[in-house]
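S.K.: Hey, dropping final31.csv in here, CSV, C-alpha atoms:
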```csv
chain,number,residue,atom,x,y,z
G,1,MET,CA,89.8,64.9,93.1
G,2,ASP,CA,92.8,63.2,94.8
G,3,ILE,CA,93.7,63.8,98.4
G,4,TYR,CA,96.8,62.2,99.9
G,5,LEU,CA,97.2,62.1,103.6
G,6,PRO,CA,100.8,62.5,104.5
G,7,ASN,CA,102.5,61.2,107.6
G,8,SER,CA,102.4,64.7,109.0
G,9,ALA,CA,100.4,67.8,108.1
G,10,PHE,CA,99.9,70.4,110.9
G,11,LEU,CA,99.6,74.1,110.5
G,12,GLY,CA,103.3,74.6,110.6
G,13,ASN,CA,103.9,72.3,107.7
G,14,ILE,CA,100.5,72.2,105.9
G,15,ASP,CA,101.8,73.9,102.8
G,16,PRO,CA,102.9,70.7,100.9
G,17,PHE,CA,99.6,69.1,101.7
G,18,LEU,CA,97.6,72.0,100.3
G,19,ARG,CA,99.7,72.2,97.2
G,20,GLN,CA,99.5,68.5,96.3
G,21,MET,CA,95.7,68.3,96.5
G,22,ASN,CA,94.2,67.6,93.2
G,23,LEU,CA,90.9,69.3,93.2
G,24,SER,CA,90.0,68.7,89.5
G,25,GLU,CA,87.1,66.5,88.5
G,26,PRO,CA,84.9,67.5,91.5
G,27,THR,CA,82.4,64.6,91.1
G,28,LYS,CA,84.8,62.0,92.4
G,29,LEU,CA,87.0,61.9,95.5
G,30,LYS,CA,89.9,59.5,96.0
G,31,ILE,CA,91.6,59.3,99.4
G,32,THR,CA,95.1,57.8,99.7
G,33,ALA,CA,97.5,57.9,102.6
G,34,ASN,CA,101.0,57.3,103.8
G,35,LYS,CA,101.6,53.6,104.4
G,36,LYS,CA,103.3,54.0,107.7
G,37,TRP,CA,101.8,56.8,109.7
G,38,ILE,CA,99.1,59.4,109.4
G,39,SER,CA,99.2,62.4,111.8
G,40,VAL,CA,97.2,65.4,110.6
G,41,HIS,CA,95.6,68.6,111.9
G,42,PRO,CA,91.8,68.6,112.3
G,43,ALA,CA,91.7,71.2,109.5
G,44,VAL,CA,93.0,68.5,107.1
G,45,LEU,CA,90.2,66.1,108.0
G,46,CYS,CA,87.7,68.9,107.7
G,47,ILE,CA,88.9,69.6,104.1
G,48,ILE,CA,88.4,65.9,103.1
G,49,ALA,CA,85.0,65.8,104.9
G,50,ALA,CA,83.8,69.0,103.3
G,51,LEU,CA,84.8,67.7,99.8
G,52,GLY,CA,83.1,64.4,100.4
G,53,LEU,CA,79.9,65.8,101.7
G,54,ASN,CA,79.2,67.3,98.2
G,55,MET,CA,79.1,63.9,96.5
G,56,LYS,CA,77.4,60.6,96.8
G,57,PRO,CA,79.2,58.0,99.0
G,58,VAL,CA,79.6,55.8,95.9
G,59,ASP,CA,81.8,58.4,94.3
G,60,ILE,CA,84.2,58.4,97.2
G,61,GLY,CA,87.0,55.9,97.1
G,62,CYS,CA,89.3,55.4,100.1
G,63,GLU,CA,92.2,53.0,99.6
G,64,ARG,CA,92.8,50.3,102.1
G,65,LEU,CA,94.7,52.2,104.8
G,66,GLU,CA,97.8,50.5,106.2
G,67,ALA,CA,99.2,53.1,108.5
G,68,LYS,CA,99.4,52.1,112.2
G,69,SER,CA,97.5,55.3,113.1
G,70,LYS,CA,94.7,54.6,110.6
G,71,HIS,CA,92.2,54.2,113.4
G,72,TYR,CA,92.5,58.0,114.0
G,73,LEU,CA,90.4,58.7,110.9
G,74,LYS,CA,87.7,56.4,112.1
G,75,ARG,CA,87.7,57.8,115.6
G,76,MET,CA,87.4,61.3,114.2
G,77,GLY,CA,84.3,60.2,112.3
G,78,LEU,CA,85.5,60.6,108.7
G,79,PHE,CA,83.9,57.5,107.4
G,80,ARG,CA,80.7,57.9,109.4
G,81,LEU,CA,80.2,61.5,108.2
G,82,LEU,CA,80.8,60.6,104.6
G,83,ASN,CA,78.7,57.5,104.9
G,84,ILE,CA,81.3,55.2,103.5
G,85,GLU,CA,82.5,51.8,104.5
G,86,SER,CA,85.8,51.2,106.3
G,87,ASP,CA,87.4,47.9,107.5
G,88,ILE,CA,89.1,49.8,110.4
G,89,SER,CA,87.8,48.7,113.7
G,90,VAL,CA,88.4,50.6,116.9
G,91,THR,CA,87.3,50.2,120.4
G,92,GLU,CA,85.0,53.1,120.9
G,93,HIS,CA,86.0,54.6,124.2
G,94,GLU,CA,83.9,57.0,126.1
G,95,PRO,CA,85.0,60.1,124.2
G,96,ALA,CA,87.6,60.9,126.9
G,97,GLY,CA,90.3,61.1,124.3
G,98,ARG,CA,89.7,64.8,124.2
G,99,PHE,CA,88.7,65.3,120.7
G,100,ILE,CA,85.7,66.5,118.8
G,101,PRO,CA,84.9,64.2,115.9
G,102,LEU,CA,84.1,65.7,112.5
G,103,THR,CA,80.7,67.4,112.8
G,104,LYS,CA,78.5,69.1,110.2
G,105,ILE,CA,76.7,72.2,111.4
G,106,ILE,CA,74.1,73.8,109.2
G,107,ASN,CA,72.2,76.2,111.5
G,108,SER,CA,72.4,78.4,114.5
G,109,GLU,CA,70.6,76.0,116.9
G,110,GLU,CA,73.1,73.2,116.0
G,111,LEU,CA,75.9,75.6,116.7
G,112,THR,CA,74.6,76.5,120.1
G,113,ARG,CA,74.2,72.8,121.0
G,114,PHE,CA,77.7,72.0,119.6
G,115,ILE,CA,79.3,74.7,121.7
G,116,THR,CA,77.6,73.5,124.8
G,117,ASP,CA,78.8,69.9,124.1
G,118,ILE,CA,82.4,70.5,123.2
G,119,ILE,CA,83.7,71.8,126.5
G,120,PRO,CA,83.1,68.7,128.5
G,121,LEU,CA,84.4,66.6,125.6
G,122,LEU,CA,87.6,68.4,125.6
G,123,HIS,CA,87.8,68.4,129.5
G,124,LEU,CA,88.4,72.1,129.7
G,125,GLY,CA,88.1,74.3,132.8
G,126,PRO,CA,86.1,77.5,132.5
G,127,GLU,CA,89.1,79.7,131.9
G,128,GLN,CA,90.4,77.5,129.2
G,129,ALA,CA,87.0,77.2,127.6
G,130,ASP,CA,86.5,80.9,126.9
G,131,SER,CA,88.9,81.0,123.9
G,132,ILE,CA,87.7,77.7,122.4
G,133,LYS,CA,84.0,78.6,122.6
G,134,TYR,CA,84.8,82.0,121.2
G,135,VAL,CA,86.8,80.7,118.2
G,136,VAL,CA,84.3,78.0,117.3
G,137,SER,CA,81.3,80.3,117.6
G,138,GLU,CA,82.8,83.1,115.5
G,139,LEU,CA,84.1,80.7,112.8
G,140,VAL,CA,81.0,78.7,112.4
G,141,ARG,CA,78.8,81.8,112.4
G,142,ASN,CA,80.9,83.2,109.6
G,143,VAL,CA,80.2,80.1,107.5
G,144,LEU,CA,76.5,80.1,108.3
G,145,GLU,CA,76.1,83.8,107.5
G,146,HIS,CA,78.5,84.4,104.6
G,147,SER,CA,79.5,81.2,102.8
G,148,GLY,CA,76.2,80.2,101.2
G,149,SER,CA,77.3,76.6,101.7
G,150,LYS,CA,74.5,74.0,101.4
G,151,GLN,CA,76.5,71.7,103.6
G,152,GLY,CA,77.2,74.3,106.3
G,153,ALA,CA,80.4,74.0,108.2
G,154,VAL,CA,82.5,71.0,109.0
G,155,VAL,CA,84.2,71.3,112.4
G,156,SER,CA,86.7,69.2,114.3
G,157,ALA,CA,89.1,69.6,117.2
G,158,GLN,CA,91.7,67.6,119.0
G,159,TYR,CA,93.7,68.0,122.2
G,160,TYR,CA,97.4,67.3,122.0
G,161,ARG,CA,98.9,66.4,125.3
G,162,LYS,CA,102.6,67.0,124.4
G,163,SER,CA,102.1,70.6,123.3
G,164,ASN,CA,99.1,71.1,125.6
G,165,THR,CA,97.2,72.7,122.7
G,166,ILE,CA,93.7,72.4,121.2
G,167,ARG,CA,93.8,72.4,117.4
G,168,ILE,CA,90.6,73.3,115.7
G,169,GLY,CA,89.7,73.0,112.0
G,170,ILE,CA,86.7,74.2,110.1
G,171,ALA,CA,86.0,74.0,106.4
G,172,ASP,CA,83.2,74.9,104.0
G,173,THR,CA,82.6,74.7,100.3
G,174,GLY,CA,80.7,77.9,99.9
G,175,VAL,CA,81.4,81.0,97.9
G,176,GLY,CA,84.8,81.8,99.4
G,177,ILE,CA,86.2,84.9,101.0
G,178,LYS,CA,86.8,86.9,97.8
G,179,LYS,CA,83.2,86.8,96.7
G,180,THR,CA,81.9,87.8,100.1
G,181,ILE,CA,84.4,90.6,100.5
G,182,ASN,CA,83.7,91.8,96.9
G,183,ASN,CA,80.2,92.7,97.9
G,184,ALA,CA,81.7,95.7,99.6
G,185,TYR,CA,85.4,95.9,98.6
G,186,PRO,CA,87.2,95.6,95.2
G,187,ALA,CA,89.7,92.9,96.2
G,188,GLU,CA,91.3,91.6,93.0
G,189,THR,CA,92.9,88.5,94.3
G,190,HIS,CA,92.0,85.8,96.9
G,191,LEU,CA,95.0,86.8,99.0
G,192,GLU,CA,93.9,90.5,99.1
G,193,ALA,CA,90.4,89.4,100.0
G,194,ILE,CA,91.9,87.3,102.9
G,195,ARG,CA,93.9,90.3,104.0
G,196,LEU,CA,90.8,92.5,104.1
G,197,ALA,CA,88.8,89.9,105.9
G,198,LEU,CA,91.4,89.7,108.7
G,199,MET,CA,91.3,93.5,109.2
G,200,PRO,CA,89.1,94.8,112.0
G,201,GLY,CA,86.1,96.7,110.9
G,202,VAL,CA,86.1,95.2,107.4
G,203,THR,CA,83.0,93.1,106.4
G,204,GLY,CA,81.6,92.0,103.1
G,205,THR,CA,78.2,93.4,104.1
G,206,THR,CA,79.1,97.1,104.0
G,207,GLN,CA,81.9,99.6,103.4
G,208,ARG,CA,80.7,101.7,106.3
G,209,ILE,CA,83.1,101.8,109.3
G,210,GLY,CA,81.3,100.3,112.2
G,211,GLY,CA,79.7,97.6,110.0
G,212,THR,CA,76.0,96.9,110.0
G,213,ASP,CA,73.6,96.2,112.9
G,214,TYR,CA,74.6,92.5,112.5
G,215,ASN,CA,78.2,92.5,111.4
G,216,ALA,CA,81.1,94.4,112.8
G,217,GLY,CA,83.8,92.7,110.7
G,218,ALA,CA,85.9,91.8,113.7
G,219,GLY,CA,85.4,88.0,114.1
G,220,LEU,CA,88.4,86.8,112.1
G,221,PHE,CA,90.6,89.6,113.6
G,222,PHE,CA,89.7,88.4,117.1
G,223,ILE,CA,90.5,84.8,116.3
G,224,LYS,CA,93.8,85.6,114.7
G,225,SER,CA,94.6,87.7,117.8
G,226,ILE,CA,93.7,84.8,120.1
G,227,ALA,CA,96.2,82.6,118.2
G,228,GLN,CA,98.7,85.4,118.3
G,229,VAL,CA,98.5,86.1,122.0
G,230,ASN,CA,98.8,82.4,122.6
G,231,ARG,CA,101.8,82.3,120.3
G,232,GLU,CA,100.2,79.7,118.1
G,233,PHE,CA,99.4,79.2,114.4
G,234,PHE,CA,96.4,80.5,112.5
G,235,MET,CA,95.8,79.5,108.9
G,236,ILE,CA,93.2,80.6,106.4
G,237,PHE,CA,92.8,79.2,102.9
G,238,SER,CA,90.3,80.3,100.3
G,239,GLY,CA,90.5,80.2,96.5
G,240,ASP,CA,94.1,79.9,95.5
G,241,ALA,CA,95.5,81.8,98.5
G,242,MET,CA,96.7,80.8,101.9
G,243,TYR,CA,97.7,83.1,104.8
G,244,LYS,CA,99.4,81.7,107.8
G,245,LEU,CA,100.1,83.5,111.1
G,246,LEU,CA,103.4,82.2,112.3
G,247,ARG,CA,104.2,81.6,116.0
G,248,ASN,CA,105.3,84.6,118.0
G,249,LYS,CA,108.4,84.5,120.2
G,250,PRO,CA,107.6,84.0,123.9
G,251,ASP,CA,108.1,87.7,124.9
G,252,MET,CA,104.7,89.2,125.8
G,253,ARG,CA,106.1,92.6,126.6
G,254,ARG,CA,107.1,93.3,123.1
G,255,PHE,CA,103.8,92.0,121.8
G,256,THR,CA,101.8,94.0,119.2
G,257,LEU,CA,98.6,93.1,117.4
G,258,HIS,CA,98.4,94.7,114.0
G,259,GLY,CA,95.2,95.6,112.1
G,260,ASP,CA,96.9,94.7,108.9
G,261,PRO,CA,97.7,90.9,109.0
G,262,PHE,CA,100.6,91.4,106.6
G,263,LYS,CA,102.4,93.3,109.3
G,264,ASP,CA,102.2,90.2,111.6
G,265,ARG,CA,104.9,87.5,111.4
G,266,HIS,CA,103.3,85.4,108.6
G,267,SER,CA,103.7,83.4,105.5
G,268,LYS,CA,101.4,83.5,102.4
G,269,ARG,CA,101.0,81.9,99.1
G,270,GLU,CA,98.9,82.2,96.0
G,271,ASP,CA,99.7,78.9,94.3
G,272,CYS,CA,97.4,76.5,96.0
G,273,PRO,CA,94.8,74.5,94.1
G,274,HIS,CA,91.6,76.5,94.0
G,275,TRP,CA,89.5,75.8,97.1
G,276,GLN,CA,85.9,76.7,96.5
G,277,GLY,CA,85.1,77.9,100.0
G,278,THR,CA,87.1,78.6,103.0
G,279,VAL,CA,89.2,76.5,105.4
G,280,VAL,CA,90.5,77.8,108.8
G,281,GLY,CA,92.9,76.1,111.2
G,282,VAL,CA,93.8,77.5,114.6
G,283,ASP,CA,95.9,76.2,117.4
G,284,ILE,CA,95.3,77.4,121.0
G,285,SER,CA,97.7,76.7,123.8
G,286,LEU,CA,96.1,75.8,127.1
G,287,ASN,CA,99.2,77.0,128.9
G,288,SER,CA,98.3,80.6,128.4
G,289,THR,CA,94.5,80.7,127.9
G,290,LYS,CA,94.3,82.5,131.3
G,291,GLU,CA,95.4,85.5,129.3
G,292,PHE,CA,92.1,85.9,127.6
G,293,SER,CA,91.5,89.0,129.6
G,294,ILE,CA,94.9,90.4,128.6
G,295,LEU,CA,94.0,89.5,125.0
G,296,LEU,CA,90.9,91.6,125.2
G,297,ASP,CA,92.9,94.6,126.3
G,298,LEU,CA,95.3,94.1,123.4
G,299,ILE,CA,92.5,93.6,120.9
G,300,ARG,CA,90.8,96.8,122.1
G,301,ASP,CA,93.9,98.9,121.5
G,302,ALA,CA,94.6,97.4,118.1
G,303,TYR,CA,91.0,97.6,117.1
G,304,MET,CA,90.6,101.3,118.0
G,305,LYS,CA,93.9,102.2,116.4
G,306,THR,CA,92.9,100.5,113.1
G,307,ILE,CA,89.5,102.3,113.1
G,308,LYS,CA,91.2,105.6,113.7
G,309,GLU,CA,93.6,105.0,110.8
G,310,ARG,CA,90.8,104.0,108.5
G,311,LYS,CA,88.8,107.1,109.4
G,312,LYS,CA,91.9,109.2,108.8
G,313,GLU,CA,92.3,107.5,105.4
G,314,GLU,CA,88.7,108.2,104.5
G,315,TYR,CA,88.9,111.8,105.6
G,316,ARG,CA,88.6,114.3,102.8
G,317,ALA,CA,89.2,118.0,103.1
G,318,PRO,CA,86.8,120.4,101.4
G,319,ARG,CA,88.1,121.6,98.0
G,320,PHE,CA,88.1,125.4,97.6
G,321,ILE,CA,88.3,126.5,94.0
N,1,MET,CA,62.6,100.0,134.0
N,2,ILE,CA,62.9,97.0,131.7
N,3,ASP,CA,65.0,94.2,133.2
N,4,ILE,CA,66.3,91.8,130.5
N,5,LYS,CA,67.8,88.6,132.0
N,6,LEU,CA,69.9,87.3,129.2
N,7,MET,CA,71.0,84.0,130.8
N,8,GLY,CA,67.5,82.5,130.2
N,9,LEU,CA,67.8,83.3,126.5
N,10,THR,CA,71.4,82.6,125.7
N,11,GLY,CA,72.7,80.1,128.2
N,12,SER,CA,76.0,80.7,129.9
N,13,PHE,CA,77.9,81.6,126.7
N,14,ALA,CA,76.2,84.4,124.8
N,15,GLU,CA,77.0,83.9,121.2
N,16,ASN,CA,73.8,83.6,119.3
N,17,LYS,CA,73.5,86.8,117.2
N,18,ASP,CA,70.0,86.0,116.1
N,19,LEU,CA,68.9,86.1,119.7
N,20,ALA,CA,70.8,89.3,120.3
N,21,ARG,CA,69.1,90.9,117.4
N,22,GLU,CA,65.7,89.8,118.6
N,23,VAL,CA,66.3,91.3,122.1
N,24,ARG,CA,67.4,94.5,120.5
N,25,LEU,CA,64.5,94.8,118.0
N,26,ASN,CA,61.8,93.4,120.3
N,27,THR,CA,62.7,94.8,123.7
N,28,ILE,CA,65.6,97.3,123.8
N,29,ILE,CA,64.5,99.6,121.0
N,30,PRO,CA,60.8,99.7,121.8
N,31,GLY,CA,61.8,100.4,125.4
N,32,LEU,CA,64.1,103.3,124.4
N,33,GLU,CA,61.3,104.7,122.2
N,34,LYS,CA,59.1,104.8,125.3
N,35,LYS,CA,62.0,106.6,127.2
N,36,GLU,CA,62.3,103.6,129.5
N,37,GLU,CA,65.5,102.6,131.3
N,38,ILE,CA,66.9,99.3,130.1
N,39,LEU,CA,68.8,96.9,132.3
N,40,LEU,CA,70.8,94.2,130.5
N,41,ASP,CA,71.4,91.5,133.2
N,42,PHE,CA,74.3,89.2,132.5
N,43,GLU,CA,74.0,87.1,135.6
N,44,GLY,CA,75.1,83.5,135.0
N,45,ILE,CA,76.8,84.4,131.7
N,46,GLU,CA,80.4,83.3,131.7
N,47,GLY,CA,81.3,84.6,128.3
N,48,ALA,CA,80.1,86.5,125.3
N,49,THR,CA,81.4,87.0,121.8
N,50,GLN,CA,82.0,90.4,120.3
N,51,SER,CA,79.5,89.5,117.5
N,52,PHE,CA,76.8,88.9,120.1
N,53,ILE,CA,77.3,92.2,121.9
N,54,HIS,CA,77.6,94.0,118.5
N,55,ALA,CA,74.3,92.5,117.4
N,56,LEU,CA,72.8,93.4,120.8
N,57,ILE,CA,73.7,97.1,121.1
N,58,SER,CA,75.6,98.5,118.1
N,59,ASP,CA,72.5,99.7,116.2
N,60,VAL,CA,71.1,101.2,119.4
N,61,LEU,CA,74.2,103.4,119.6
N,62,ARG,CA,74.0,104.2,115.9
N,63,LYS,CA,70.4,105.1,116.0
N,64,TYR,CA,70.3,107.1,119.3
N,65,GLY,CA,73.9,108.1,119.7
N,66,PRO,CA,76.0,107.8,122.8
N,67,GLY,CA,73.1,109.3,124.8
N,68,ALA,CA,71.5,105.9,124.6
N,69,LEU,CA,74.0,104.8,127.2
N,70,ASP,CA,72.3,107.0,129.7
N,71,LYS,CA,69.3,104.8,129.5
N,72,LEU,CA,71.2,101.5,129.1
N,73,SER,CA,72.8,99.6,132.0
N,74,PHE,CA,74.8,96.4,132.1
N,75,LYS,CA,74.5,94.4,135.3
N,76,ASN,CA,76.4,91.3,136.7
N,77,CYS,CA,79.0,91.3,134.0
N,78,ASN,CA,82.2,89.4,134.6
N,79,GLU,CA,85.6,91.0,133.6
N,80,ASN,CA,85.7,89.5,130.1
N,81,VAL,CA,82.1,90.4,129.3
N,82,ARG,CA,82.8,94.0,130.6
N,83,LYS,CA,85.8,94.2,128.3
N,84,ILE,CA,83.9,93.0,125.3
N,85,ILE,CA,81.0,95.4,125.9
N,86,THR,CA,83.6,98.2,126.3
N,87,ILE,CA,85.2,97.3,123.0
N,88,VAL,CA,81.9,97.4,121.2
N,89,VAL,CA,80.8,100.7,122.8
N,90,ASP,CA,84.2,102.4,122.1
N,91,TYR,CA,84.2,101.1,118.6
N,92,MET,CA,80.7,102.4,117.8
N,93,GLN,CA,81.5,105.8,119.3
N,94,GLU,CA,84.7,106.1,117.3
N,95,SER,CA,83.3,104.8,114.0
```
When written as structure tokens, how does the structure in this file appear?

M.R.:
Amino acid sequence: MDIYLPNSAFLGNIDPFLRQMNLSEPTKLKITANKKWISVHPAVLCIIAALGLNMKPVDIGCERLEAKSKHYLKRMGLFRLLNIESDISVTEHEPAGRFIPLTKIINSEELTRFITDIIPLLHLGPEQADSIKYVVSELVRNVLEHSGSKQGAVVSAQYYRKSNTIRIGIADTGVGIKKTINNAYPAETHLEAIRLALMPGVTGTTQRIGGTDYNAGAGLFFIKSIAQVNREFFMIFSGDAMYKLLRNKPDMRRFTLHGDPFKDRHSKREDCPHWQGTVVGVDISLNSTKEFSILLDLIRDAYMKTIKERKKEEYRAPRFI
Amino acid sequence: MIDIKLMGLTGSFAENKDLAREVRLNTIIPGLEKKEEILLDFEGIEGATQSFIHALISDVLRKYGPGALDKLSFKNCNENVRKIITIVVDYMQES
């Protein structure tokens, strides 16, 4: 497998990065990078870390990095997590740089600890923290419950001062969305499985509206909605398919959450190299996180509307013959 | 009345669905079976996920119907927690 770190790969322009990944020969990983500058979304680092965790350190090769920003990879803990050597030296600050280094989470207790720890690391106030804790908890629990990944979830986050956003990445190398959804729904493609997974009330654990006692099938819909209300990006990549929620225009009054993600302003593709597992990236603006309460009102309306539509679709009149 | 103080179990952010399920199976449902009133006290809880609240009460509503809400009270909920509880309750009654 070959991964090339470009000078820029964020959710808005992540498509070329995903398409150029060479995921063949899964027993070896070669990491190369732009010679001048590396600036990437935490989801990109999570992808590399998730791949590397499935192999021995000796099978991971990272070229000597020359980019001025190479220390970023070290600070984010890429080499530490993969247990590989690096000649990059950084002055380890007290982690006041407002980032969450790459972290592997394999069980519920680790997740609870992680959520408690991240808020002070990101220097967030209580109102801003709600959305972040919410997103991380729901995404990681999805991995722990559904992915079957032996390596659990790899998570990372970074604060960007210029845009005043927190960008969160999470990746796993589990069964992927299609296999999970196919336990209850006949999605034929990875993209269709992603579409179903984003619809409120759809879970891979049952076809029953209302879900099971443990799964409502609303986690991803809530997260996509948080990004949408914040007018930020949300990206989900599994198998050969990628769905990306595009930024909304800053006009809250004309704002609608849709149960069907294909009705939102989005881009999608089915020509990515096959990712065995799931990757999610989400950006959350701190300028508008005070709107979490408004978000919940919008979610409630969209959620109920979708449930009613689904019930209507499933309604069958008696046949009198 | 059975008074369940959730903060001591979940911390200030209620997200652990395993804990929610334990509370439901070990305390809420046995209490309802004995016709007891159940008080879910969210004092100190700053936030909760929809998944947590779903794991806590959805099966109660499915098993006992909306009438279970006559025996179930939610105390000291902040605005966001109230809204998430309302989403789950509405959803379970519609589905």

S.K.: Output as a PyMOL selection string the set of chain G residues within 6 Å of chain N, with distances taken over only C-alpha atoms.

M.R.: chain G and resi 209-210+213-214+293+300

S.K.: Quote the spacing between CA of Phe292 in chain G and CA of Met76 in chain G in Å to one decimal place.

M.R.: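 According to the coordinates, CA of Phe292 in chain G and CA of Met76 in chain G are separated by 28.4 Å.
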
S.K.: Might you pull out every residue within 8 Å of Glu270 in chain G, with all atoms listed in the file counted and same-chain residues fewer than 4 positions away left off, and present them as a list in words?

M.R.: His190, Leu191, Asp240, Ala241 and Met242 of chain G

S.K.: If we count all atoms listed in the file, what is near Ala193 in chain G at a cut-off of 10 Å, once residues fewer than 3 positions away on the same chain are taken out, given as a PDB file with C-alpha atoms, keeping the file's coordinate frame?

M.R.:
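Here's the written file selection-v4.pdb:
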```
ATOM      1  CA  GLY G 176      84.800  81.800  99.400  1.00  0.00           C
ATOM      2  CA  ILE G 177      86.200  84.900 101.000  1.00  0.00           C
ATOM      3  CA  LYS G 178      86.800  86.900  97.800  1.00  0.00           C
ATOM      4  CA  LYS G 179      83.200  86.800  96.700  1.00  0.00           C
ATOM      5  CA  THR G 180      81.900  87.800 100.100  1.00  0.00           C
ATOM      6  CA  ILE G 181      84.400  90.600 100.500  1.00  0.00           C
ATOM      7  CA  ASN G 182      83.700  91.800  96.900  1.00  0.00           C
ATOM      8  CA  TYR G 185      85.400  95.900  98.600  1.00  0.00           C
ATOM      9  CA  PRO G 186      87.200  95.600  95.200  1.00  0.00           C
ATOM     10  CA  ALA G 187      89.700  92.900  96.200  1.00  0.00           C
ATOM     11  CA  GLU G 188      91.300  91.600  93.000  1.00  0.00           C
ATOM     12  CA  THR G 189      92.900  88.500  94.300  1.00  0.00           C
ATOM     13  CA  HIS G 190      92.000  85.800  96.900  1.00  0.00           C
ATOM     14  CA  LEU G 196      90.800  92.500 104.100  1.00  0.00           C
ATOM     15  CA  ALA G 197      88.800  89.900 105.900  1.00  0.00           C
ATOM     16  CA  LEU G 198      91.400  89.700 108.700  1.00  0.00           C
ATOM     17  CA  GLY G 204      81.600  92.000 103.100  1.00  0.00           C
ATOM     18  CA  SER G 238      90.300  80.300 100.300  1.00  0.00           C
ATOM     19  CA  GLY G 239      90.500  80.200  96.500  1.00  0.00           C
ATOM     20  CA  ALA G 241      95.500  81.800  98.500  1.00  0.00           C
TER      21      ALA G 241
END
```

S.K.: For Tyr159 in chain G, which of G:Pro261, G:Gly125, G:Gly174, G:Pro42 is the closest residue, counting only C-alpha atoms?

M.R.: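 Residue with the minimum atom-to-atom distance to Tyr159 in chain G: G:Pro42.
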
S.K.: Have a look at CA of Thr103 in chain G and CA of Gly77 in chain G and let me know their distance in Å, one decimal.

M.R.: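 Pair CA of Thr103 in chain G / CA of Gly77 in chain G returns 8.1 Å.
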
S.K.: Between CA of Met1 in chain N and CA of Asn215 in chain G, measure the distance and give it in Å to one decimal.

M.R.: 28.5 Å

S.K.: Neighbouring residues of Leu40 in chain N were defined as those with any atom within 6 Å, considering all atoms listed in the file; residues of the same chain fewer than 3 positions away were excluded. Please report them as a list of chain:residue names.

M.R.: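 After dropping sequence-adjacent residues, the list is N:Ile4, N:Ser73, N:Phe74.
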
S.K.: My list of candidates is G:Leu286, G:Val154, G:Leu73, G:Ile307. Which is closest to Ala33 in chain G when distances are computed with only C-alpha atoms?

M.R.: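 Going through G:Leu286, G:Val154, G:Leu73, G:Ile307 one by one, the smallest distance to Ala33 in chain G is for G:Leu73.
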
S.K.: Select, counting all atoms listed in the file, all protein, DNA and RNA residues no farther than 9 Å from (94.4, 80.4, 105.2) in file coordinates, and express the selection as a PyMOL selection string.

M.R.: chain G and resi 191+194+234-238+241-245+268+278-281

S.K.: Might you pull out every residue within 7 Å of range 19-23 of chain G, with all atoms listed in the file counted and same-chain residues fewer than 4 positions away left off, and present them as JSON, numbers by chain?

M.R.: {"G": [1, 2, 3, 15, 272, 273]}

S.K.: May I ask which of the residues N:Val23, N:Leu69, N:Met7, N:Ile85 is the closest one to Glu37 in chain N, counting only C-alpha atoms?

M.R.: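 Looking only at the distances to Glu37 in chain N, the closest residue turns out to be N:Leu69.
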
S.K.: Near Ile60 in chain G, within 7 Å and counting all atoms listed in the file, which residues show up once chain neighbours fewer than 4 positions away are dropped, as JSON, numbers by chain?

M.R.: {"G": [28, 29, 30, 52]}

S.K.: Would you mind telling me which residue in N:Lys5, N:Ile38, N:Gly31, N:Asn26 lies nearest to Lys71 in chain N when using only C-alpha atoms?

M.R.: N:Ile38

S.K.: Find, counting all atoms listed in the file, the residue in G:Ala9, G:Val229, G:Leu296, G:Ala129 that gets nearest to Lys249 in chain G.

M.R.: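 Using all atoms listed in the file, the shortest distance to Lys249 in chain G belongs to G:Val229.
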